[in-house]
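Inspection log for the structure reproduced underneath, given as structure tokens.
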Amino acid sequence: MSPSDLYQRHRHSLLQFVRFGLVGGVGVLVNQVVLVITNVIARDWLGMHNNNIVFPVPFTSFNVRHYHVYVMIAFLVANLSNFLLNRHWTFNSAKHAGVWKEYWPFLTVGLVGQMAGLLLITALMHPHSPIGLPSDVFDNSTGFRTKLYWANLITIACVTPINFVLNKLWTFRAVRRRGEGD
């Protein structure tokens with residue numbers, strides 16, 4: 001492979017990463033809006049606090065809390081939105097592979113990232129965690145001071161690079177294979 005070919009290959013990946021980032025930005029907005037709506041509906045209409053326990057995790061001292069459920073709902077909506085945008089714009093794979101052939105790996109990659117994200121968001125939300133967000137700053141008095149919203153944004157920022165690499169190498173590989181055969 002010539003230096004020029006190598007440059008072109010990396011240039012294309014960089015462009016894909018930028019597009020992936022822009023789609024991710026839209027996904028962050030979708031995720032955050034769904035999270036806020038879910039949290040507000042649960043709190044104001046159903047009287048549920050985001051830190052209340054939904055059910056205990058068997059054989060551990062841990063619990064699944066309402067904010068875990070809200071974050072999963074927001075993730076699923078944003079994941080579908082991101083998939084459609086990435087499929088058609090970032091990786092331009094719609095004409096190379098079927099929707100379901102790409103969506104299940106995309107969802108799987110997202111769920112792997114989300115599982116890591118749930119651990120991180122739990123640590124950020126927990127008052128005794130060494131990386132827990134301080135309750136005196138994030139006191140839930142306003143939307144901008146809501147601990148859950150900031151923990152969610154931090155989590156998204158941490159898992160995005162992993163999602164990009166895994167999606168490029170696995171989910172949207174049909175485009176990469178096509179390029180190798182040209």
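Numbering starts fresh at 1 for the residues of each chain in the structure tokens, the chains themselves are lettered A, B, ... in the order given, and ligands are numbered from 1 as they appear.
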Checklist entry - Could you name the residues that touch range 8-21 of chain A at 8 Å or less, counting only C-alpha atoms, but leaving out those on the same chain fewer than 6 positions away, as number ranges by chain? => result A: 86, 89-91, 164
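Residues in contact with Phe62 in chain A at 12 Å, where only C-alpha atoms are counted and same-chain residues fewer than 4 positions away are skipped, are listed as A:Ile53, A:Val54, A:Phe55, A:Pro56, A:Val57, A:Pro58, A:Leu119, A:Thr122, A:Ala123, A:His126.
Each of A:Thr108, A:Ser2, A:Asn51, A:Asn163 was checked against Asn39 in chain A using only C-alpha atoms; the smallest atom-to-atom distance is that of A:Asn51.
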Item to check | DSSP helix (DSSP H, G or I) residues within range 74-181 of chain A, listed as a ChimeraX atom specification | outcome: /A:74-90,99-125,143-145,147-171,173-181
Take the residues from that selection and put them in a file with C-alpha atoms, as a tab-separated table (two decimals), in the first residue's frame.
chain	number	residue	atom	x	y	z
A	74	ALA	CA	-33.47	6.80	26.38
A	75	PHE	CA	-30.70	4.54	25.06
A	76	LEU	CA	-33.08	2.38	23.00
A	77	VAL	CA	-34.73	5.39	21.33
A	78	ALA	CA	-31.38	7.08	20.61
A	79	ASN	CA	-29.83	3.81	19.43
A	80	LEU	CA	-32.48	3.36	16.74
A	81	SER	CA	-32.13	7.00	15.65
A	82	ASN	CA	-28.33	6.73	15.50
A	83	PHE	CA	-28.49	3.47	13.59
A	84	LEU	CA	-30.67	4.91	10.85
A	85	LEU	CA	-28.52	8.05	10.51
A	86	ASN	CA	-25.23	6.11	10.56
A	87	ARG	CA	-26.53	3.54	8.10
A	88	HIS	CA	-27.54	6.14	5.54
A	89	TRP	CA	-25.02	8.94	6.08
A	90	THR	CA	-21.88	7.91	8.01
A	99	VAL	CA	-31.46	-3.42	7.73
A	100	TRP	CA	-31.76	-6.31	10.16
A	101	LYS	CA	-28.33	-7.68	9.24
A	102	GLU	CA	-26.82	-4.39	10.43
A	103	TYR	CA	-29.28	-3.37	13.15
A	104	TRP	CA	-28.80	-6.40	15.40
A	105	PRO	CA	-25.00	-5.97	15.54
A	106	PHE	CA	-25.48	-2.20	16.03
A	107	LEU	CA	-27.90	-2.83	18.89
A	108	THR	CA	-25.55	-5.45	20.36
A	109	VAL	CA	-22.58	-3.06	20.22
A	110	GLY	CA	-24.76	-0.37	21.78
A	111	LEU	CA	-25.90	-2.73	24.54
A	112	VAL	CA	-22.28	-3.66	25.34
A	113	GLY	CA	-21.49	0.03	25.64
A	114	GLN	CA	-24.69	0.58	27.60
A	115	MET	CA	-23.79	-2.14	30.10
A	116	ALA	CA	-20.46	-0.43	30.73
A	117	GLY	CA	-22.35	2.85	30.80
A	118	LEU	CA	-24.78	1.58	33.43
A	119	LEU	CA	-21.86	0.71	35.69
A	120	LEU	CA	-20.38	4.17	35.15
A	121	ILE	CA	-23.67	6.00	35.66
A	122	THR	CA	-24.24	4.01	38.85
A	123	ALA	CA	-20.83	5.11	40.13
A	124	LEU	CA	-21.52	8.72	39.14
A	125	MET	CA	-24.92	8.70	40.87
A	143	GLY	CA	-32.52	20.82	35.09
A	144	PHE	CA	-28.94	22.05	34.84
A	145	ARG	CA	-28.22	20.83	38.37
A	147	LYS	CA	-27.22	14.75	38.73
A	148	LEU	CA	-28.83	12.14	36.47
A	149	TYR	CA	-28.60	14.36	33.38
A	150	TRP	CA	-24.90	15.12	33.89
A	151	ALA	CA	-24.09	11.51	34.74
A	152	ASN	CA	-25.81	10.45	31.51
A	153	LEU	CA	-23.83	12.97	29.41
A	154	ILE	CA	-20.52	11.92	30.98
A	155	THR	CA	-21.36	8.26	30.36
A	156	ILE	CA	-22.19	8.89	26.71
A	157	ALA	CA	-18.89	10.73	26.22
A	158	CYS	CA	-16.97	7.80	27.71
A	159	VAL	CA	-18.57	5.01	25.64
A	160	THR	CA	-18.73	6.79	22.25
A	161	PRO	CA	-15.17	5.98	21.06
A	162	ILE	CA	-15.66	2.29	21.85
A	163	ASN	CA	-18.97	2.27	19.98
A	164	PHE	CA	-17.39	3.88	16.91
A	165	VAL	CA	-14.60	1.33	16.64
A	166	LEU	CA	-16.85	-1.68	17.21
A	167	ASN	CA	-19.49	-0.42	14.78
A	168	LYS	CA	-16.92	0.35	12.09
A	169	LEU	CA	-15.25	-3.06	12.43
A	170	TRP	CA	-18.34	-5.20	12.90
A	171	THR	CA	-21.74	-3.61	12.22
A	173	ARG	CA	-18.32	-4.15	7.73
A	174	ALA	CA	-20.21	-4.74	4.45
A	175	VAL	CA	-19.06	-1.30	3.27
A	176	ARG	CA	-15.47	-2.06	4.28
A	177	ARG	CA	-15.54	-5.40	2.44
A	178	ARG	CA	-16.94	-3.75	-0.67
A	179	GLY	CA	-14.13	-1.18	-0.60
A	180	GLU	CA	-11.50	-3.91	-0.30
A	181	GLY	CA	-12.80	-5.69	-3.39
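For the set A:Leu6, A:Tyr70, A:Asp136, A:Pro130, the residue with the smallest atom-to-atom gap to Gln32 in chain A is A:Tyr70, counting only C-alpha atoms.
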Item to check | strand (DSSP E) positions in range 41-85 of chain A, given as a PyMOL selection string | outcome: chain A and resi 53-56+63-65
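If you look at CA of Val30 in chain A and CA of Ile73 in chain A, they are 11.1 Å away from each other.
Rounded to one decimal, CA of His68 in chain A and CA of Leu22 in chain A lie 25.7 Å from each other.
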